[in-house]
$ cat coords_35.cif   # mmCIF, C-alpha atoms
data_protein
loop_
_atom_site.label_atom_id
_atom_site.label_comp_id
_atom_site.auth_asym_id
_atom_site.auth_seq_id
_atom_site.Cartn_x
_atom_site.Cartn_y
_atom_site.Cartn_z
CA MET R 9 4.85 14.61 -37.44
CA VAL R 10 3.92 14.47 -33.77
CA THR R 11 0.42 15.72 -32.95
CA VAL R 12 -2.00 15.46 -30.02
CA ASN R 13 -3.67 12.61 -31.87
CA SER R 14 -0.42 10.67 -32.32
CA ALA R 15 0.42 11.33 -28.68
CA GLU R 16 -2.89 9.73 -27.66
CA ASN R 17 -2.21 6.70 -29.83
CA ALA R 18 1.22 6.30 -28.25
CA LEU R 19 -0.21 6.52 -24.73
CA LYS R 20 -2.91 3.92 -25.41
CA SER R 21 -1.06 1.44 -27.61
CA VAL R 22 2.55 1.68 -26.44
CA TYR R 23 2.82 3.17 -22.98
CA LEU R 24 -0.29 1.81 -21.21
CA GLY R 25 0.89 -1.81 -21.22
CA ALA R 26 4.37 -0.92 -19.99
CA VAL R 27 3.07 1.42 -17.27
CA THR R 28 0.53 -1.17 -16.09
CA GLU R 29 3.24 -3.82 -15.80
CA LEU R 30 5.47 -1.48 -13.82
CA LEU R 31 2.70 -0.35 -11.46
CA ASN R 32 1.62 -3.93 -10.77
CA THR R 33 5.01 -5.59 -10.29
CA LYS R 34 7.76 -3.04 -9.67
CA VAL R 35 6.21 -0.48 -7.35
CA ASN R 36 6.70 -2.40 -4.11
CA PRO R 37 8.01 -5.88 -3.14
CA LEU R 38 4.80 -6.66 -1.23
CA MET R 39 2.59 -5.53 -4.11
CA SER R 40 4.45 -7.87 -6.47
CA LYS R 41 3.58 -10.83 -4.19
CA ILE R 42 -0.16 -10.12 -4.08
CA GLU R 43 -2.43 -11.74 -6.65
CA GLN R 44 -4.71 -9.38 -8.58
CA THR R 45 -8.12 -10.67 -9.59
CA SER R 46 -11.54 -9.59 -10.84
CA ALA R 47 -13.26 -12.32 -8.80
CA ASP R 48 -15.81 -11.37 -6.11
CA VAL R 49 -16.34 -7.89 -7.56
CA TRP R 50 -20.04 -7.03 -7.61
CA GLY R 51 -20.83 -3.59 -8.96
CA LYS R 52 -18.93 -1.08 -6.83
CA GLU R 53 -18.18 -3.54 -4.02
CA VAL R 54 -16.09 -6.58 -3.21
CA ARG R 55 -18.24 -9.28 -1.62
CA LYS R 56 -16.40 -12.37 -0.49
CA ALA R 57 -17.46 -15.45 1.49
CA VAL R 58 -14.59 -16.63 3.70
CA SER R 59 -14.67 -20.08 5.32
CA LEU R 60 -14.44 -20.60 9.09
CA GLY R 61 -12.45 -23.69 9.95
CA ILE R 62 -13.04 -26.96 8.08
CA ASN R 63 -15.96 -29.19 7.12
CA GLY R 64 -16.94 -31.18 10.24
CA GLY R 65 -18.48 -34.15 8.44
CA ILE R 66 -15.51 -36.48 8.86
CA GLY R 67 -14.65 -39.27 11.29
CA ALA R 68 -13.82 -42.96 11.76
CA GLY R 69 -16.33 -45.69 12.61
CA ASP R 70 -17.40 -49.33 12.58
CA GLU R 71 -17.63 -51.43 9.44
CA ASP R 72 -21.44 -51.49 9.67
CA GLY R 73 -21.91 -48.48 11.96
CA ALA R 74 -23.40 -45.05 11.44
CA LEU R 75 -21.67 -42.59 9.15
CA PRO R 76 -20.36 -39.28 10.50
CA LYS R 77 -22.96 -36.54 10.72
CA ALA R 78 -22.63 -33.80 8.17
CA HIS R 79 -21.53 -30.43 9.44
CA GLY R 80 -20.92 -27.88 6.72
CA THR R 81 -18.22 -25.24 6.73
CA GLY R 82 -19.22 -21.92 8.29
CA TYR R 83 -18.67 -18.66 6.42
CA LEU R 84 -18.21 -14.95 7.02
CA GLN R 85 -19.26 -12.39 4.44
CA PHE R 86 -16.59 -9.74 3.78
CA VAL R 87 -17.85 -6.57 2.10
CA SER R 88 -15.84 -3.51 1.12
CA THR R 89 -16.18 -0.69 -1.39
CA LEU R 90 -13.84 -0.56 -4.37
CA LYS R 91 -11.40 2.32 -3.94
CA ASN R 92 -10.66 4.78 -6.75
CA LEU R 93 -6.95 5.21 -7.49
CA PHE R 94 -5.86 7.99 -9.86
CA GLY R 95 -2.65 9.23 -11.44
CA GLN R 96 -2.22 12.17 -13.81
CA ILE R 97 0.37 13.33 -16.33
CA GLU R 98 0.39 16.79 -17.88
CA ILE R 99 1.93 17.95 -21.17
CA SER R 100 1.96 21.53 -22.42
CA ASP R 101 0.88 22.43 -25.95
CA LYS R 102 4.21 24.22 -26.38
CA ALA R 103 6.17 21.05 -25.56
CA ILE R 104 4.15 19.05 -28.09
CA ARG R 105 4.71 21.63 -30.82
CA ALA R 106 8.41 22.01 -29.99
CA SER R 107 8.91 18.28 -30.54
CA ALA R 108 6.54 18.00 -33.50
CA ASN R 109 9.32 17.21 -35.96
CA ASP R 110 11.45 15.17 -33.60
CA LYS R 111 9.96 11.84 -32.52
CA GLY R 112 12.93 11.19 -30.25
CA ALA R 113 12.34 14.42 -28.35
CA PHE R 114 8.65 13.63 -28.01
CA THR R 115 9.42 10.14 -26.73
CA ASP R 116 11.75 11.66 -24.15
CA LEU R 117 8.96 14.05 -23.15
CA LEU R 118 6.47 11.22 -22.56
CA ASN R 119 9.08 9.10 -20.82
CA ALA R 120 9.88 11.94 -18.41
CA GLU R 121 6.20 12.49 -17.55
CA LEU R 122 5.48 8.80 -17.04
CA ASP R 123 8.67 8.34 -15.01
CA GLY R 124 7.46 11.07 -12.66
CA LEU R 125 4.08 9.37 -12.40
CA LEU R 126 5.71 6.03 -11.59
CA LYS R 127 7.88 7.56 -8.86
CA ALA R 128 4.85 9.19 -7.26
CA SER R 129 2.86 5.96 -7.56
CA LYS R 130 5.67 3.95 -6.03
CA PHE R 131 5.51 6.14 -2.95
CA ASN R 132 1.72 6.37 -2.73
CA LEU R 133 0.83 2.73 -3.43
CA GLY R 134 3.56 1.49 -1.10
CA ARG R 135 2.27 3.78 1.64
CA MET R 136 -1.34 2.60 1.19
CA LEU R 137 -0.32 -1.07 1.44
CA TYR R 138 0.89 -0.48 4.99
CA GLY R 139 -1.77 2.10 5.89
CA ASP R 140 -5.18 1.80 7.54
CA GLY R 141 -7.32 3.06 4.66
CA THR R 142 -7.94 6.50 6.18
CA GLY R 143 -5.17 8.27 4.28
CA LYS R 144 -3.75 9.66 7.51
CA LEU R 145 -0.06 10.49 7.15
CA SER R 146 0.92 12.03 10.47
CA GLU R 147 -0.14 14.37 13.24
CA ILE R 148 0.98 17.93 13.89
CA GLY R 149 3.41 18.36 16.77
CA LEU R 150 4.83 21.71 17.82
CA VAL R 151 3.66 24.72 15.81
CA SER R 152 6.06 27.61 15.19
CA GLY R 153 4.50 31.05 15.11
CA SER R 154 7.26 32.66 13.05
CA SER R 155 7.67 30.35 10.04
CA ASN R 156 5.98 27.71 7.94
CA GLU R 157 7.97 24.97 9.69
CA VAL R 158 5.91 22.75 11.98
CA GLY R 159 6.61 19.64 13.98
CA VAL R 160 5.06 16.23 13.21
CA ASN R 161 4.95 12.98 15.14
CA ASP R 162 5.97 10.77 12.19
CA THR R 163 7.78 11.48 8.90
CA ARG R 164 7.80 8.07 7.22
CA ASN R 165 4.68 8.87 5.14
CA LEU R 166 5.81 12.37 4.16
CA VAL R 167 7.83 13.50 1.16
CA PRO R 168 8.56 16.89 -0.46
CA GLY R 169 6.01 17.81 -3.13
CA LEU R 170 3.13 15.92 -1.52
CA VAL R 171 -0.15 17.88 -1.49
CA VAL R 172 -2.11 17.41 1.73
CA ASP R 173 -5.23 18.41 3.66
CA ILE R 174 -5.16 19.09 7.41
CA TYR R 175 -8.08 18.30 9.71
CA ALA R 176 -8.64 19.38 13.30
CA ASN R 177 -11.06 16.50 13.90
CA SER R 178 -13.50 14.26 12.05
CA SER R 179 -15.43 17.19 10.58
CA THR R 180 -13.37 20.38 10.89
CA VAL R 181 -10.99 21.20 8.04
CA ARG R 182 -7.99 23.39 8.86
CA GLY R 183 -6.74 23.71 5.28
CA THR R 184 -6.63 21.98 1.89
CA GLY R 185 -4.21 21.83 -1.05
CA ILE R 186 -1.17 22.51 1.16
CA VAL R 187 2.20 21.50 -0.31
CA ILE R 188 4.91 19.88 1.81
CA GLU R 189 7.98 21.80 0.62
CA SER R 190 10.63 20.01 2.69
CA VAL R 191 10.93 17.30 5.33
CA ASP R 192 13.41 17.12 8.22
CA TYR R 193 13.27 13.35 8.81
CA GLU R 194 15.55 13.34 11.84
CA GLY R 195 14.14 16.47 13.44
CA LEU R 196 10.51 15.43 12.80
CA LYS R 197 9.63 18.69 11.08
CA VAL R 198 8.09 19.77 7.78
CA THR R 199 7.94 23.06 5.93
CA LEU R 200 4.50 23.81 4.48
CA SER R 201 3.58 26.10 1.61
CA SER R 202 1.17 27.79 4.02
CA VAL R 203 0.15 27.29 7.62
CA PRO R 204 -3.64 27.12 8.14
CA GLU R 205 -5.16 29.47 10.68
CA GLY R 206 -5.64 27.81 14.04
CA LEU R 207 -3.24 24.92 13.34
CA ALA R 208 -2.67 23.05 16.60
CA THR R 209 -0.93 20.04 18.10
CA GLY R 210 -2.80 16.86 17.29
CA ASP R 211 -4.25 18.04 13.98
CA GLN R 212 -4.13 15.30 11.37
CA ILE R 213 -2.48 15.34 7.93
CA TYR R 214 -4.06 13.47 5.00
CA VAL R 215 -3.28 13.10 1.31
CA GLN R 216 -5.32 15.68 -0.63
CA GLY R 217 -8.90 14.55 -1.11
CA SER R 218 -8.12 11.03 0.09
CA ARG R 219 -9.40 10.99 3.67
CA GLY R 220 -11.19 7.68 4.28
CA LYS R 221 -10.93 6.64 0.61
CA GLU R 222 -7.80 4.48 0.39
CA ILE R 223 -7.39 0.71 0.09
CA THR R 224 -7.52 -1.34 3.31
CA GLY R 225 -3.86 -1.84 4.20
CA LEU R 226 -2.02 -3.81 6.87
CA ALA R 227 -2.56 -1.26 9.63
CA ALA R 228 -6.33 -1.79 9.34
CA ILE R 229 -5.94 -5.55 9.67
CA PHE R 230 -3.98 -5.17 12.92
CA ASP R 231 -6.19 -2.45 14.41
CA THR R 232 -8.48 -4.78 16.36
CA SER R 233 -10.40 -1.88 17.89
CA LYS R 234 -12.31 -1.43 14.63
CA SER R 235 -14.40 -3.71 12.42
CA LEU R 236 -12.83 -5.19 9.29
CA TYR R 237 -14.51 -5.55 5.88
CA GLY R 238 -17.85 -4.69 7.44
CA VAL R 239 -17.63 -7.43 10.11
CA ASP R 240 -17.30 -6.85 13.86
CA ARG R 241 -14.10 -8.35 15.28
CA SER R 242 -16.08 -10.27 17.90
CA ALA R 243 -17.81 -12.28 15.16
CA SER R 244 -14.93 -14.71 14.81
CA PRO R 245 -11.33 -15.38 15.90
CA LEU R 246 -10.59 -15.36 12.14
CA LEU R 247 -10.54 -11.56 12.33
CA LYS R 248 -7.91 -11.33 15.07
CA PRO R 249 -4.30 -11.42 13.86
CA TYR R 250 -1.37 -12.54 16.01
CA SER R 251 0.39 -9.67 17.74
CA ARG R 252 3.20 -9.47 20.26
CA ALA R 253 4.21 -6.12 21.75
CA ASN R 254 7.32 -4.93 23.64
CA VAL R 255 9.56 -7.51 22.00
CA GLY R 256 12.84 -5.74 22.84
CA ASP R 257 15.82 -7.64 21.44
CA ILE R 258 15.04 -9.52 18.25
CA THR R 259 16.35 -13.07 17.89
CA GLU R 260 15.84 -15.97 15.53
CA THR R 261 13.89 -17.72 18.28
CA VAL R 262 11.43 -14.83 18.68
CA ILE R 263 10.75 -14.75 14.94
CA GLN R 264 10.46 -18.52 14.60
CA GLU R 265 8.12 -18.81 17.59
CA ALA R 266 5.73 -16.32 15.97
CA ILE R 267 5.90 -18.18 12.66
CA ASP R 268 5.22 -21.50 14.38
CA VAL R 269 2.17 -20.06 16.18
CA LEU R 270 0.76 -18.77 12.90
CA GLU R 271 1.36 -22.06 11.11
CA THR R 272 -0.11 -24.15 13.95
CA ARG R 273 -3.17 -22.06 14.85
CA ALA R 274 -4.11 -20.61 11.47
CA GLY R 275 -2.52 -22.96 8.93
CA SER R 276 -0.48 -20.10 7.49
CA THR R 277 2.66 -20.39 5.45
CA ILE R 278 4.67 -17.24 6.14
CA ASP R 279 6.33 -16.20 2.90
CA PHE R 280 7.05 -12.50 3.45
CA ILE R 281 8.55 -10.53 6.35
CA ALA R 282 8.43 -6.72 6.30
CA VAL R 283 10.53 -4.61 8.67
CA ASP R 284 11.37 -0.99 9.39
CA GLU R 285 14.96 0.22 9.65
CA VAL R 286 15.17 -0.34 13.43
CA SER R 287 14.10 -3.97 13.06
CA LYS R 288 16.34 -4.45 10.02
CA TYR R 289 19.45 -3.22 11.80
CA ALA R 290 18.54 -5.17 14.94
CA PHE R 291 18.31 -8.36 12.87
CA MET R 292 21.62 -7.62 11.14
CA GLU R 293 23.30 -6.90 14.49
CA TYR R 294 21.98 -10.13 15.97
CA MET R 295 23.28 -12.15 13.03
CA SER R 296 26.71 -10.48 13.15
CA GLN R 297 27.06 -11.20 16.88
CA TYR R 298 26.85 -14.91 16.17
CA LYS R 299 29.05 -14.69 13.05
CA ARG R 300 26.14 -15.71 10.85
CA ASN R 301 25.95 -14.81 7.18
CA ILE R 302 22.82 -13.05 6.02
CA ASP R 303 21.43 -14.62 2.87
CA VAL R 304 20.31 -12.33 0.06
CA MET R 305 17.60 -13.33 -2.40
CA GLU R 306 16.05 -12.03 -5.61
CA LEU R 307 12.34 -11.21 -5.57
CA THR R 308 9.75 -10.81 -8.30
CA GLY R 309 9.98 -7.37 -9.88
CA GLY R 310 13.78 -7.17 -9.63
CA PHE R 311 13.88 -6.47 -5.88
CA ARG R 312 16.62 -7.83 -3.62
CA SER R 313 16.25 -8.56 0.08
CA MET R 314 17.69 -10.35 3.07
CA SER R 315 16.12 -13.64 4.04
CA PHE R 316 15.21 -15.51 7.21
CA ASN R 317 15.26 -19.30 6.73
CA GLY R 318 14.35 -18.84 3.06
CA VAL R 319 11.66 -16.23 3.70
CA PRO R 320 12.35 -12.75 2.26
CA LEU R 321 12.94 -10.17 4.96
CA VAL R 322 12.25 -6.83 3.28
CA TYR R 323 12.88 -3.33 4.56
CA ASP R 324 10.08 -0.85 3.82
CA ARG R 325 10.02 2.77 4.95
CA PHE R 326 6.27 2.56 5.59
CA VAL R 327 6.50 -0.11 8.29
CA PRO R 328 6.00 1.49 11.76
CA LYS R 329 9.10 1.98 13.91
CA GLY R 330 10.30 -1.14 15.72
CA THR R 331 7.84 -3.39 13.86
CA MET R 332 8.10 -6.67 11.95
CA TYR R 333 5.19 -8.03 9.92
CA LEU R 334 4.98 -11.80 9.29
CA LEU R 335 2.69 -12.35 6.31
CA ASP R 336 1.13 -15.17 4.34
CA THR R 337 0.68 -13.33 1.03
CA SER R 338 -1.21 -16.23 -0.58
CA VAL R 339 -4.41 -15.10 1.21
CA PHE R 340 -4.11 -11.46 0.10
CA HIS R 341 -5.88 -10.42 -3.10
CA LEU R 342 -6.18 -7.09 -4.84
CA HIS R 343 -9.72 -7.26 -6.20
CA ARG R 344 -10.16 -4.97 -9.18
CA LEU R 345 -12.95 -3.86 -11.46
CA CYS R 346 -10.33 -3.33 -14.17
CA ASP R 347 -6.59 -2.93 -14.48
CA TRP R 348 -5.00 0.48 -14.99
CA ARG R 349 -6.77 2.38 -17.77
CA PHE R 350 -6.76 5.91 -19.12
CA LEU R 351 -9.94 7.88 -18.58
CA GLU R 352 -11.50 8.50 -21.99
CA THR R 353 -13.97 11.05 -23.30
CA GLU R 354 -17.05 10.11 -25.34
CA ASN R 355 -14.84 10.26 -28.45
CA GLY R 356 -12.23 7.94 -26.95
CA ASN R 357 -9.70 10.71 -26.30
CA VAL R 358 -7.32 10.31 -23.36
CA LEU R 359 -5.59 13.68 -23.63
CA ARG R 360 -7.88 16.51 -22.53
CA GLN R 361 -7.14 20.22 -22.60
CA ASN R 362 -7.29 21.87 -19.19
CA GLN R 363 -10.01 24.48 -19.45
CA GLY R 364 -8.42 27.91 -19.75
CA TYR R 365 -4.83 26.59 -19.94
CA PRO R 366 -2.52 25.58 -22.86
CA THR R 367 -1.91 22.14 -21.32
CA TYR R 368 -3.22 18.62 -21.75
CA THR R 369 -3.72 15.97 -19.07
CA ALA R 370 -4.15 12.21 -19.18
CA THR R 371 -5.50 10.35 -16.15
CA LEU R 372 -4.80 6.75 -15.21
CA VAL R 373 -7.42 5.05 -13.05
CA LYS R 374 -7.87 1.75 -11.24
CA TYR R 375 -10.86 0.66 -9.11
CA CYS R 376 -9.70 -1.89 -6.55
CA GLU R 377 -9.61 -3.04 -2.93
CA LEU R 378 -7.12 -5.10 -0.94
CA MET R 379 -8.55 -8.02 1.06
CA CYS R 380 -7.02 -10.63 3.33
CA ASP R 381 -8.98 -13.92 3.49
CA ARG R 382 -7.32 -14.99 6.75
CA PRO R 383 -6.45 -12.05 9.05
CA ASN R 384 -5.65 -14.44 11.93
CA GLY R 385 -2.90 -15.92 9.77
CA GLN R 386 -0.88 -12.68 9.83
CA GLY R 387 1.55 -11.68 12.56
CA LYS R 388 3.08 -8.54 13.98
CA LEU R 389 6.03 -8.11 16.33
CA SER R 390 6.33 -4.59 17.74
CA GLY R 391 8.49 -2.76 20.26
CA ILE R 392 11.69 -4.14 18.71
CA THR R 393 14.70 -2.22 20.04
CA GLY R 394 17.76 -4.32 19.34
#

$ encode --input "coords_35.cif" --output "structure tokens"
Amino acid sequence: MVTVNSAENALKSVYLGAVTELLNTKVNPLMSKIEQTSADVWGKEVRKAVSLGINGGIGAGDEDGALPKAHGTGYLQFVSTLKNLFGQIEISDKAIRASANDKGAFTDLLNAELDGLLKASKFNLGRMLYGDGTGKLSEIGLVSGSSNEVGVNDTRNLVPGLVVDIYANSSTVRGTGIVIESVDYEGLKVTLSSVPEGLATGDQIYVQGSRGKEITGLAAIFDTSKSLYGVDRSASPLLKPYSRANVGDITETVIQEAIDVLETRAGSTIDFIAVDEVSKYAFMEYMSQYKRNIDVMELTGGFRSMSFNGVPLVYDRFVPKGTMYLLDTSVFHLHRLCDWRFLETENGNVLRQNQGYPTYTATLVKYCELMCDRPNGQGKLSGITG
């Protein structure tokens, strides 16, 4: 007979391992390439010493001459706070009782809840990988006075069902707990469950409760106007990635030149290329013009992608318009305090009744931060048009 207790046992002993594997390897092609480690985690922070250049104590000399003078490797100290990632499932008491004598029905119930969690996680984790850590999704554009439909400047980070907060500036909150009911991706509009009083052009949309609390994604690495991992950008060229703007037409030569610069100046080995749909179609159009076949390759996690000279070229909706990222994923690490775990009570319970409601929730949690050991080894081509 299925009970709350047996449901807890199933979540901890059967489902946790499978869900963890899916969240770590099948959420996003880039996530599946990044090594996850508990190294360099100190309390609630990640503290990492990153080398600058090479050891200078080398050289040639005479048979009986002086030896080269020692010159140790310089280091930078990266420091960042572990971010708190959460995911919740909810099961009603009625659903548990209705499937009490049918294990198959109960299994279907859990599978449906966890499938919903995985779909939401796929969107959210993928978005954070390419974000700047602030949780900002978009900005408000035109505001209609007669309906809940408002304009936005970008829809790639928005999806129906997402619960958001809207800020006027760094300290003024327009509204919280607002649901995005629909998204007009071509018209750059969204329909909100409610429109906050005073909503205006330029107001910023964030994931509920997440403002300034997300992992440090690619956008933060390429935003050279701000410090990175607690270090001012002027401290070292190591913190300044390669960037080329206003590319225009994309060609094999443009891509290869950027890769060569990264390999020569930073010792990088580019093993992952991420593109938006504009860059993807521009690359496909270029290849078709010269009657070139586009190779397709299998990636870890069951993903398929195009390739450029053996390097996976992956489309991702979260890459900014007209942008191509050239990445050496070997120097990215997701530092974690622990892998995905269910929050437990003092008695070890993972299913908790919602106070005042006939429902139970279970919460998955992971404390982690994304770090890149060599920011100058990453590249970005932007302004791609064709």

$ closest_residue --input "coords_35.cif" --among "R:Ser146, R:Leu321, R:Pro383, R:Phe340" --to "R:Asp231" --atoms "all atoms listed in the file"
R:Pro383

$ resolve_selection --input "coords_35.cif" --expression "the PyMOL selection byres ((chain R and resi 225) around 10)" --output "VMD selection string"
chain R and resid 134 to 142 222 to 224 226 to 230 377 to 380

$ residues_around --input "coords_35.cif" --residues "R:Val87" --least-positions-apart "5" --cutoff "9 Å" --atoms "all atoms listed in the file" --output "list in words"
Glu53, Val54, Arg55, Lys56, Ala57, Leu236, Tyr237, Gly238 and Val239 of chain R

$ write_last_selection --input "coords_35.cif" --atoms "C-alpha atoms" --output "short mmCIF file (atom, residue, chain, number, x, y, z; two decimals), in the frame of the given file"
data_model
loop_
_atom_site.label_atom_id
_atom_site.label_comp_id
_atom_site.auth_asym_id
_atom_site.auth_seq_id
_atom_site.Cartn_x
_atom_site.Cartn_y
_atom_site.Cartn_z
CA GLU R 53 -18.18 -3.54 -4.02
CA VAL R 54 -16.09 -6.58 -3.21
CA ARG R 55 -18.24 -9.28 -1.62
CA LYS R 56 -16.40 -12.37 -0.49
CA ALA R 57 -17.46 -15.45 1.49
CA LEU R 236 -12.83 -5.19 9.29
CA TYR R 237 -14.51 -5.55 5.88
CA GLY R 238 -17.85 -4.69 7.44
CA VAL R 239 -17.63 -7.43 10.11
#

$ residues_around --input "coords_35.cif" --residues "R:Phe326" --least-positions-apart "2" --cutoff "12 Å" --atoms "all atoms listed in the file" --output "MDAnalysis selection string"
chainID R and resid 36 38 130:140 145:146 162:167 225:227 282:285 322:324 328:333

$ closest_residue --input "coords_35.cif" --among "R:Gly256, R:Tyr250, R:Val151, R:Ile302" --to "R:Glu205" --atoms "all atoms listed in the file"
R:Val151

$ residues_around --input "coords_35.cif" --residues "R:Gly51" --least-positions-apart "3" --cutoff "12 Å" --atoms "only C-alpha atoms" --output "PyMOL selection string"
chain R and resi 46-48+54-55+87-90+344-346+375-376

$ residues_near_point --input "coords_35.cif" --point "(-3.9, 22.3, 2.7)" --cutoff "6 Å" --atoms "only C-alpha atoms" --output "JSON list (two decimals) with C-alpha atoms, in the coordinates of the input"
[["chain", "number", "residue", "atom", "x", "y", "z"],
["R", 172, "VAL", "CA", -2.11, 17.41, 1.73],
["R", 173, "ASP", "CA", -5.23, 18.41, 3.66],
["R", 174, "ILE", "CA", -5.16, 19.09, 7.41],
["R", 183, "GLY", "CA", -6.74, 23.71, 5.28],
["R", 184, "THR", "CA", -6.63, 21.98, 1.89],
["R", 185, "GLY", "CA", -4.21, 21.83, -1.05],
["R", 186, "ILE", "CA", -1.17, 22.51, 1.16]]

$ resolve_selection --input "coords_35.cif" --expression "the PyMOL selection byres ((chain R and resi 352-361) around 10)" --output "MDAnalysis selection string"
chainID R and resid 12:13 15:17 19:20 97:101 349:351 362:372

$ closest_residue --input "coords_35.cif" --among "R:Met314, R:Val160, R:Leu207, R:Ala113" --to "R:Glu147" --atoms "only C-alpha atoms"
R:Val160

$ closest_residue --input "coords_35.cif" --among "R:Lys144, R:Leu24, R:Leu200, R:Ser244" --to "R:Gly220" --atoms "all atoms listed in the file"
R:Lys144

$ resolve_selection --input "coords_35.cif" --expression "the PyMOL selection byres ((chain R and resi 211) around 10)" --output "number ranges by chain"
R: 146-149, 160, 174-177, 180-182, 206-210, 212-213

$ closest_residue --input "coords_35.cif" --among "R:Pro245, R:Gly318, R:Gly95, R:Gly391" --to "R:Glu121" --atoms "all atoms listed in the file"
R:Gly95

$ closest_residue --input "coords_35.cif" --among "R:Ala266, R:Lys234, R:Ser40, R:Asp381" --to "R:Tyr83" --atoms "all atoms listed in the file"
R:Asp381

$ atom_distance --input "coords_35.cif" --atom1 "atom CA of R:Val255" --atom2 "atom CA of R:Thr232"
19.1 Å

$ atom_distance --input "coords_35.cif" --atom1 "atom CA of R:Glu306" --atom2 "atom CA of R:Ile278"
17.2 Å

$ atom_distance --input "coords_35.cif" --atom1 "atom CA of R:Asn254" --atom2 "atom CA of R:Val269"
17.6 Å

$ residues_around --input "coords_35.cif" --residues "R:Asp123" --least-positions-apart "2" --cutoff "12 Å" --atoms "all atoms listed in the file" --output "PyMOL selection string"
chain R and resi 23+26-27+30-31+35+95-97+115-121+125-130

$ residues_around --input "coords_35.cif" --residues "R:Met305" --least-positions-apart "5" --cutoff "7 Å" --atoms "only C-alpha atoms" --output "PyMOL selection string"
chain R and resi 312-315

$ decode --input "coords_35.cif" --residues "stretch 152-163 of chain R" --atoms "N, CA, C and O atoms" --output "mmCIF file, in the first residue's frame"
data_model
loop_
_atom_site.group_PDB
_atom_site.id
_atom_site.type_symbol
_atom_site.label_atom_id
_atom_site.label_comp_id
_atom_site.auth_asym_id
_atom_site.auth_seq_id
_atom_site.Cartn_x
_atom_site.Cartn_y
_atom_site.Cartn_z
ATOM 1 N N SER R 152 0.897 49.034 -22.181
ATOM 2 C CA SER R 152 -0.473 49.290 -22.609
ATOM 3 C C SER R 152 -1.325 49.639 -21.399
ATOM 4 O O SER R 152 -1.226 49.002 -20.355
ATOM 5 N N GLY R 153 -2.154 50.649 -21.532
ATOM 6 C CA GLY R 153 -2.983 51.056 -20.412
ATOM 7 C C GLY R 153 -4.297 50.303 -20.316
ATOM 8 O O GLY R 153 -5.026 50.440 -19.337
ATOM 9 N N SER R 154 -4.626 49.505 -21.331
ATOM 10 C CA SER R 154 -5.942 48.867 -21.384
ATOM 11 C C SER R 154 -5.918 47.359 -21.162
ATOM 12 O O SER R 154 -6.956 46.725 -21.105
ATOM 13 N N SER R 155 -4.756 46.756 -21.072
ATOM 14 C CA SER R 155 -4.690 45.305 -20.883
ATOM 15 C C SER R 155 -3.443 44.944 -20.091
ATOM 16 O O SER R 155 -2.648 45.808 -19.724
ATOM 17 N N ASN R 156 -3.305 43.649 -19.831
ATOM 18 C CA ASN R 156 -2.133 43.159 -19.103
ATOM 19 C C ASN R 156 -0.988 42.806 -20.044
ATOM 20 O O ASN R 156 -0.015 42.185 -19.624
ATOM 21 N N GLU R 157 -1.110 43.174 -21.301
ATOM 22 C CA GLU R 157 -0.052 42.914 -22.279
ATOM 23 C C GLU R 157 0.925 44.086 -22.290
ATOM 24 O O GLU R 157 0.517 45.242 -22.409
ATOM 25 N N VAL R 158 2.206 43.777 -22.148
ATOM 26 C CA VAL R 158 3.238 44.816 -22.156
ATOM 27 C C VAL R 158 4.357 44.413 -23.101
ATOM 28 O O VAL R 158 4.578 43.219 -23.361
ATOM 29 N N GLY R 159 5.069 45.398 -23.587
ATOM 30 C CA GLY R 159 6.210 45.128 -24.446
ATOM 31 C C GLY R 159 7.462 44.839 -23.630
ATOM 32 O O GLY R 159 7.595 45.268 -22.485
ATOM 33 N N VAL R 160 8.393 44.082 -24.221
ATOM 34 C CA VAL R 160 9.687 43.789 -23.597
ATOM 35 C C VAL R 160 10.765 43.932 -24.661
ATOM 36 O O VAL R 160 10.489 43.870 -25.862
ATOM 37 N N ASN R 161 12.002 44.104 -24.228
ATOM 38 C CA ASN R 161 13.077 44.287 -25.205
ATOM 39 C C ASN R 161 13.728 42.975 -25.620
ATOM 40 O O ASN R 161 14.523 42.935 -26.552
ATOM 41 N N ASP R 162 13.390 41.871 -24.926
ATOM 42 C CA ASP R 162 14.016 40.584 -25.216
ATOM 43 C C ASP R 162 13.110 39.477 -24.669
ATOM 44 O O ASP R 162 12.660 39.561 -23.522
ATOM 45 N N THR R 163 12.850 38.450 -25.477
ATOM 46 C CA THR R 163 11.966 37.360 -25.028
ATOM 47 C C THR R 163 12.685 36.025 -24.844
ATOM 48 O O THR R 163 12.063 35.050 -24.430
#
